[in-house]
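Participant: Dropping in target-v3.txt, which is compact mmCIF, C-alpha atoms:
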```txt
# COMPACT_ATOMS: atom_id res chain seq x y z
CA MET A 1 0.00 0.00 0.00
CA LYS A 2 2.86 2.35 0.86
CA GLY A 3 4.50 1.61 -2.49
CA ASP A 4 1.20 2.41 -4.25
CA LEU A 5 1.05 5.79 -2.53
CA VAL A 6 4.63 6.58 -3.55
CA VAL A 7 3.86 5.74 -7.22
CA MET A 8 0.68 7.85 -7.03
CA ALA A 9 2.62 10.78 -5.56
CA VAL A 10 5.24 10.50 -8.32
CA ALA A 11 2.49 10.40 -10.99
CA LEU A 12 0.86 13.51 -9.49
CA LEU A 13 4.22 15.28 -9.27
CA VAL A 14 5.04 14.51 -12.91
CA TRP A 15 1.62 15.75 -14.02
CA GLY A 16 1.98 18.91 -11.90
CA LEU A 17 5.42 19.66 -13.35
CA LEU A 18 4.23 19.07 -16.92
CA PHE A 19 1.25 21.39 -16.32
CA TRP A 20 3.46 24.09 -14.81
CA TYR A 21 5.89 23.83 -17.74
CA LEU A 22 3.05 24.14 -20.27
CA ILE A 23 1.56 27.16 -18.51
CA ARG A 24 4.95 28.91 -18.43
CA LEU A 25 5.58 28.05 -22.09
CA GLU A 26 2.16 29.36 -23.09
CA ARG A 27 2.76 32.65 -21.23
CA ARG A 28 6.12 33.07 -22.95
CA VAL A 29 4.54 32.41 -26.34
CA ALA A 30 1.83 34.99 -25.59
CA GLU A 31 4.52 37.57 -24.70
CA LEU A 32 6.38 36.91 -27.95
CA GLU A 33 3.15 37.14 -29.95
CA LYS A 34 2.49 40.60 -28.47
CA LYS A 35 5.97 41.77 -29.51
CA MET B 1 -7.13 29.63 -17.88
CA ILE B 2 -10.23 28.14 -16.23
CA LEU B 3 -10.24 25.27 -18.71
CA ARG B 4 -6.58 24.58 -18.02
CA GLY B 5 -7.20 24.61 -14.27
CA LEU B 6 -10.08 22.18 -14.77
CA LEU B 7 -7.82 19.89 -16.80
CA LEU B 8 -5.19 19.98 -14.02
CA LEU B 9 -7.79 18.97 -11.43
CA TRP B 10 -9.50 16.46 -13.75
CA ILE B 11 -6.36 14.43 -14.48
CA ALA B 12 -5.06 14.73 -10.88
CA ALA B 13 -8.41 13.54 -9.47
CA TRP B 14 -8.58 10.53 -11.78
CA ILE B 15 -4.95 9.59 -11.03
CA VAL B 16 -5.94 9.48 -7.35
CA ALA B 17 -9.07 7.47 -8.25
CA ALA B 18 -6.94 5.02 -10.25
CA PHE B 19 -4.92 4.24 -7.13
CA LEU B 20 -7.46 4.54 -4.34
CA TRP B 21 -10.87 3.79 -5.88
CA ALA B 22 -10.59 1.50 -8.92
CA PRO B 23 -10.00 -2.20 -8.17
CA LEU B 24 -7.08 -4.19 -9.55
CA VAL B 25 -7.55 -6.75 -12.33
CA PRO B 26 -6.71 -10.10 -10.62
CA VAL B 27 -4.39 -11.31 -13.40
CA LEU B 28 -2.56 -8.00 -13.70
CA GLY B 29 -2.26 -7.04 -10.03
CA PRO B 30 -0.70 -3.61 -9.35
CA THR B 31 0.32 -3.35 -13.02
CA THR B 32 -3.36 -2.67 -13.77
CA ARG B 33 -2.58 1.03 -13.24
CA VAL B 34 -0.26 1.05 -16.25
CA LEU B 35 -3.31 0.70 -18.52
CA TYR B 36 -4.63 4.12 -17.41
CA PHE B 37 -1.50 5.69 -18.87
CA HIS B 38 -0.45 3.26 -21.59
CA ILE B 39 -3.70 2.98 -23.59
CA PRO B 40 -4.51 6.74 -23.53
CA SER B 41 -0.92 7.39 -24.73
CA ALA B 42 -1.42 4.91 -27.58
CA TRP B 43 -4.81 6.50 -28.37
CA VAL B 44 -3.32 10.01 -28.51
CA THR B 45 -0.56 8.65 -30.78
CA VAL B 46 -3.14 7.45 -33.32
CA LEU B 47 -5.21 10.63 -32.93
CA ALA B 48 -2.18 12.90 -33.40
CA LEU B 49 -0.82 11.00 -36.39
CA GLY B 50 -4.29 11.02 -37.96
CA TRP B 51 -4.50 14.78 -37.31
CA SER B 52 -1.11 15.17 -38.98
CA MET B 53 -2.27 13.18 -42.02
CA VAL B 54 -5.49 15.23 -42.39
CA HIS B 55 -3.58 18.53 -42.26
CA SER B 56 -0.95 17.19 -44.65
CA VAL B 57 -3.68 16.44 -47.20
CA LEU B 58 -5.23 19.87 -46.54
CA TYR B 59 -1.83 21.46 -47.11
CA LEU B 60 -1.40 19.66 -50.44
CA ARG B 61 -4.82 20.96 -51.51
CA SER B 62 -4.47 24.55 -50.30
CA ARG B 63 -0.69 25.19 -49.97
CA ASN B 64 -1.50 27.08 -46.77
CA LEU B 65 1.46 26.85 -44.36
CA GLU B 66 -0.94 26.90 -41.41
CA HIS B 67 -1.81 23.28 -42.26
CA ASP B 68 1.89 22.45 -42.37
CA HIS B 69 2.28 23.82 -38.82
CA GLN B 70 -0.65 21.68 -37.67
CA ALA B 71 0.70 18.56 -39.39
CA ALA B 72 4.25 18.95 -38.07
CA ALA B 73 3.13 19.75 -34.52
CA ALA B 74 0.77 16.76 -34.43
CA ALA B 75 3.47 14.40 -35.74
CA GLU B 76 5.92 15.59 -33.07
CA ILE B 77 3.36 15.19 -30.29
CA GLY B 78 2.23 11.85 -31.69
CA LEU B 79 5.82 10.62 -31.61
CA LEU B 80 6.21 11.81 -28.00
CA PHE B 81 3.09 9.95 -26.92
CA CYS B 82 4.27 6.92 -28.90
CA VAL B 83 7.50 6.98 -26.88
CA ALA B 84 5.41 7.26 -23.69
CA ALA B 85 3.31 4.25 -24.76
CA THR B 86 6.47 2.28 -25.59
CA ILE B 87 8.13 3.01 -22.25
CA SER B 88 4.99 2.29 -20.21
CA GLY B 89 4.44 -0.90 -22.22
CA SER B 90 8.03 -2.01 -21.61
CA LEU B 91 7.73 -1.44 -17.87
CA TRP B 92 4.53 -3.47 -17.88
CA ALA B 93 6.21 -6.23 -19.96
CA LYS B 94 9.07 -6.42 -17.45
CA ALA B 95 6.61 -6.89 -14.60
CA MET B 96 4.40 -9.42 -16.42
CA TRP B 97 6.68 -11.20 -18.90
CA GLY B 98 10.02 -10.76 -17.12
CA ALA B 99 11.73 -8.76 -19.89
CA TYR B 100 11.46 -5.17 -21.08
CA TRP B 101 11.45 -6.17 -24.74
CA ASN B 102 10.31 -9.45 -26.34
CA TRP B 103 9.74 -8.52 -30.01
CA ASP B 104 6.09 -9.35 -29.51
CA PRO B 105 3.99 -8.25 -32.56
CA ARG B 106 2.75 -5.22 -30.59
CA GLU B 107 6.29 -4.22 -29.65
CA THR B 108 7.57 -4.76 -33.18
CA SER B 109 4.68 -2.68 -34.59
CA ILE B 110 5.31 0.25 -32.25
CA PHE B 111 9.03 0.06 -33.02
CA PHE B 112 8.31 0.44 -36.75
CA LEU B 113 5.90 3.28 -36.01
CA LEU B 114 8.66 5.11 -34.11
CA LEU B 115 11.01 4.59 -37.08
CA VAL B 116 8.46 5.81 -39.64
CA TYR B 117 7.68 9.04 -37.78
CA GLY B 118 11.27 9.53 -36.64
CA ALA B 119 12.13 9.59 -40.34
CA TYR B 120 9.37 12.20 -40.88
CA LEU B 121 11.04 14.54 -38.37
CA ALA B 122 14.47 13.82 -39.88
CA LEU B 123 13.07 14.71 -43.32
CA ARG B 124 11.69 18.00 -42.02
CA SER B 125 14.92 18.95 -40.31
CA ALA B 126 16.91 18.23 -43.51
CA ILE B 127 15.07 20.81 -45.68
CA ASP B 128 15.48 24.55 -45.10
CA GLN B 129 13.12 25.99 -47.66
CA PRO B 130 9.66 26.20 -45.95
CA GLU B 131 7.43 25.46 -48.98
CA ARG B 132 9.56 22.57 -50.16
CA ARG B 133 9.77 21.19 -46.62
CA ALA B 134 6.00 21.48 -46.24
CA ARG B 135 5.26 19.83 -49.60
CA LEU B 136 7.63 16.86 -49.20
CA SER B 137 6.72 16.20 -45.57
CA ALA B 138 3.00 16.45 -46.38
CA VAL B 139 3.37 13.75 -49.03
CA TYR B 140 5.43 11.63 -46.60
CA SER B 141 2.94 12.08 -43.74
CA ALA B 142 -0.07 11.26 -45.92
CA ILE B 143 1.59 8.04 -47.11
CA ALA B 144 3.10 7.17 -43.69
CA PHE B 145 -0.31 7.24 -42.04
CA VAL B 146 -1.37 4.27 -44.15
CA SER B 147 0.99 2.21 -41.99
CA VAL B 148 -0.66 3.33 -38.73
CA PRO B 149 -3.91 1.29 -38.85
CA PHE B 150 -1.92 -1.62 -40.26
CA LEU B 151 0.73 -1.55 -37.50
CA VAL B 152 -1.62 -0.64 -34.64
CA PHE B 153 -4.74 -2.65 -35.45
CA VAL B 154 -3.99 -5.32 -38.08
CA VAL B 155 -0.55 -6.83 -37.30
CA PRO B 156 -1.26 -7.54 -33.60
CA ARG B 157 -4.49 -9.32 -34.58
CA ILE B 158 -2.94 -11.46 -37.32
CA TYR B 159 -0.06 -12.88 -35.28
CA PHE B 160 -0.12 -14.61 -31.93
CA THR B 161 0.62 -12.11 -29.20
CA LEU B 162 1.14 -12.25 -25.46
CA HIS B 163 -0.35 -8.76 -25.24
CA PRO B 164 -3.72 -8.62 -23.42
CA ASP B 165 -6.88 -8.26 -25.48
CA PRO B 166 -7.27 -4.84 -27.03
CA LEU B 167 -9.74 -2.43 -25.40
CA ILE B 168 -12.58 -3.65 -27.60
CA ASN B 169 -11.84 -7.37 -27.56
CA THR B 170 -12.27 -9.94 -30.31
CA ARG B 171 -15.89 -10.48 -29.21
CA GLY B 172 -16.55 -6.79 -29.87
CA LYS B 173 -17.08 -5.97 -26.18
CA ILE B 174 -15.34 -3.85 -23.56
CA ASP B 175 -14.69 -6.29 -20.69
CA MET B 176 -13.86 -4.02 -17.76
CA ASP B 177 -14.97 -3.60 -14.19
CA PRO B 178 -17.35 -0.58 -14.11
CA ARG B 179 -15.03 1.46 -11.84
CA ILE B 180 -11.99 0.68 -14.00
CA ARG B 181 -14.03 1.70 -17.05
CA VAL B 182 -14.99 5.07 -15.49
CA VAL B 183 -11.39 5.93 -14.53
CA PHE B 184 -10.06 4.69 -17.85
CA PHE B 185 -12.43 6.75 -20.01
CA ALA B 186 -12.01 9.81 -17.77
CA LEU B 187 -8.24 9.66 -18.27
CA LEU B 188 -8.70 8.97 -21.98
CA ALA B 189 -10.72 12.21 -22.20
CA GLY B 190 -8.07 14.02 -20.12
CA PHE B 191 -5.24 12.86 -22.38
CA THR B 192 -7.24 13.89 -25.46
CA ALA B 193 -7.75 17.40 -24.02
CA LEU B 194 -4.04 17.53 -23.14
CA PHE B 195 -3.17 16.67 -26.74
CA PHE B 196 -5.26 19.54 -28.12
CA TRP B 197 -3.73 21.96 -25.60
CA VAL B 198 -0.12 20.96 -26.38
CA GLN B 199 -0.99 21.01 -30.09
CA SER B 200 -2.27 24.60 -29.87
CA VAL B 201 0.88 25.75 -28.03
CA ARG B 202 3.18 23.98 -30.51
CA VAL B 203 1.35 25.51 -33.49
CA ARG B 204 1.71 29.00 -31.96
CA VAL B 205 5.45 28.37 -31.55
CA ALA B 206 5.65 27.25 -35.20
CA ARG B 207 3.92 30.49 -36.30
CA LEU B 208 6.49 32.50 -34.32
CA GLU B 209 9.31 30.52 -35.92
CA ARG B 210 7.90 31.23 -39.38
CA ARG B 211 7.65 34.96 -38.61
CA ALA B 212 11.28 34.91 -37.45
CA GLU B 213 12.33 33.08 -40.64
CA GLU B 214 10.52 35.63 -42.82
CA ARG B 215 12.31 38.58 -41.21
```
How would this structure read if it were set down as structure tokens?

Facilitator:
Amino acid sequence: MKGDLVVMAVALLVWGLLFWYLIRLERRVAELEKK
Amino acid sequence: MILRGLLLLWIAAWIVAAFLWAPLVPVLGPTTRVLYFHIPSAWVTVLALGWSMVHSVLYLRSRNLEHDHQAAAAAEIGLLFCVAATISGSLWAKAMWGAYWNWDPRETSIFFLLLVYGAYLALRSAIDQPERRARLSAVYSAIAFVSVPFLVFVVPRIYFTLHPDPLINTRGKIDMDPRIRVVFFALLAGFTALFFWVQSVRVRVARLERRAEER
């Protein structure tokens, strides 16, 4: 059960990091589009 | 931004449900959870490569570079998801079959798919002139997609495979526990939305690159 929770936490972390990266990338693209 | 926030919560909530709510398939044990990631990745691969083919054909008809951006972005994302499906499948194979790679028909098919679309990206990177690059890669993508249904759906059904039944099995039914089915389709929808989001960002980047090239 503990191992399951660790894998779940890693999956959530990876998803969170991917989401954060995409949001940052999208903001940067929007800035460049304005220029 | 609201839609993106909803997607964040949607996928996070169903990941939690996959671990804490959905039961395990007795034969698969804890590796059941791989299917929530592996099959949606394979689905997005087919969706993205199909999207690339459609826009390649539209480019050949209209010569509008916007379609070239769509086709190239979708092929790149499709290849990324194909890599994700390959890695998750290998991890599952190690747990169930004892080896990461067995040259099972499914594994061989996905290997060829990676080669075919890796060559597409190599072709694009080898041509500098935008119109020529768009024209040649559109022809390649339109022809390459013919191999996708063959490699994904036909080959694994012709030859004996250790791979579990596909989602819709040979009896034409979806044999899944109701809770597994809910989590699975929720994540399938989440991955599909993620594809369209990444696709839109990649196309915007391609437009910026084109503007920079034109200057």

Participant: Within 8 Å of chain B, which residues of chain A are there when counting all atoms listed in the file? Please give them as a list in words.

Facilitator: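 Within 8 Å of chain B on chain A, we get Asp4, Leu5, Met8, Ala11, Leu12, Trp15, Gly16, Phe19, Leu22, Leu25, Glu26, Val29, Leu32 and Glu33 of chain A.
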
Participant: As a ChimeraX atom specification, please: the residues near Phe195 of chain B (cut-off 9 Å, only C-alpha atoms, same-chain neighbours under 3 positions excluded).

Facilitator: /B:44,47-48,74,77-78,190-192,198-200

Participant: Mind writing the picked residues with C-alpha atoms as an mmCIF file, in the coordinates of the input?

Facilitator:
```cif
data_model
loop_
_atom_site.group_PDB
_atom_site.id
_atom_site.type_symbol
_atom_site.label_atom_id
_atom_site.label_comp_id
_atom_site.auth_asym_id
_atom_site.auth_seq_id
_atom_site.Cartn_x
_atom_site.Cartn_y
_atom_site.Cartn_z
ATOM 1 C CA VAL B 44 -3.320 10.010 -28.510
ATOM 2 C CA LEU B 47 -5.210 10.630 -32.930
ATOM 3 C CA ALA B 48 -2.180 12.900 -33.400
ATOM 4 C CA ALA B 74 0.770 16.760 -34.430
ATOM 5 C CA ILE B 77 3.360 15.190 -30.290
ATOM 6 C CA GLY B 78 2.230 11.850 -31.690
ATOM 7 C CA GLY B 190 -8.070 14.020 -20.120
ATOM 8 C CA PHE B 191 -5.240 12.860 -22.380
ATOM 9 C CA THR B 192 -7.240 13.890 -25.460
ATOM 10 C CA VAL B 198 -0.120 20.960 -26.380
ATOM 11 C CA GLN B 199 -0.990 21.010 -30.090
ATOM 12 C CA SER B 200 -2.270 24.600 -29.870
#
```

Participant: One decimal, Å: what's the distance from atom CA of Leu121 of chain B over to atom CA of Ala75 of chain B, could you say?

Facilitator: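 That distance, rounded to one decimal, is 8.0 Å.
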
Participant: Which distance in Å separates atom CA of Gly29 of chain B and atom CA of Leu91 of chain B, to one decimal?

Facilitator: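 It comes out at 13.9 Å.
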
Participant: Here is a test: counting all atoms listed in the file, which residue of B:Ser52, B:Val152, B:Glu66, B:Ala126 is nearest to Glu107 of chain B?

Facilitator: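 Closest to Glu107 of chain B, using all atoms listed in the file: B:Val152.
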
Participant: Pick out the closest residue to Leu3 of chain B from this set: B:Ile39, B:Val46, B:Ala193, B:Phe81. Count only C-alpha atoms.

Facilitator: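 With only C-alpha atoms as the atom set, the closest residue is B:Ala193.
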
Participant: Provide the atom CA of Leu49 of chain B to atom CA of Leu80 of chain B distance in Å, to one decimal place.

Facilitator: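 So the two atoms, atom CA of Leu49 of chain B and atom CA of Leu80 of chain B, lie 11.0 Å apart.
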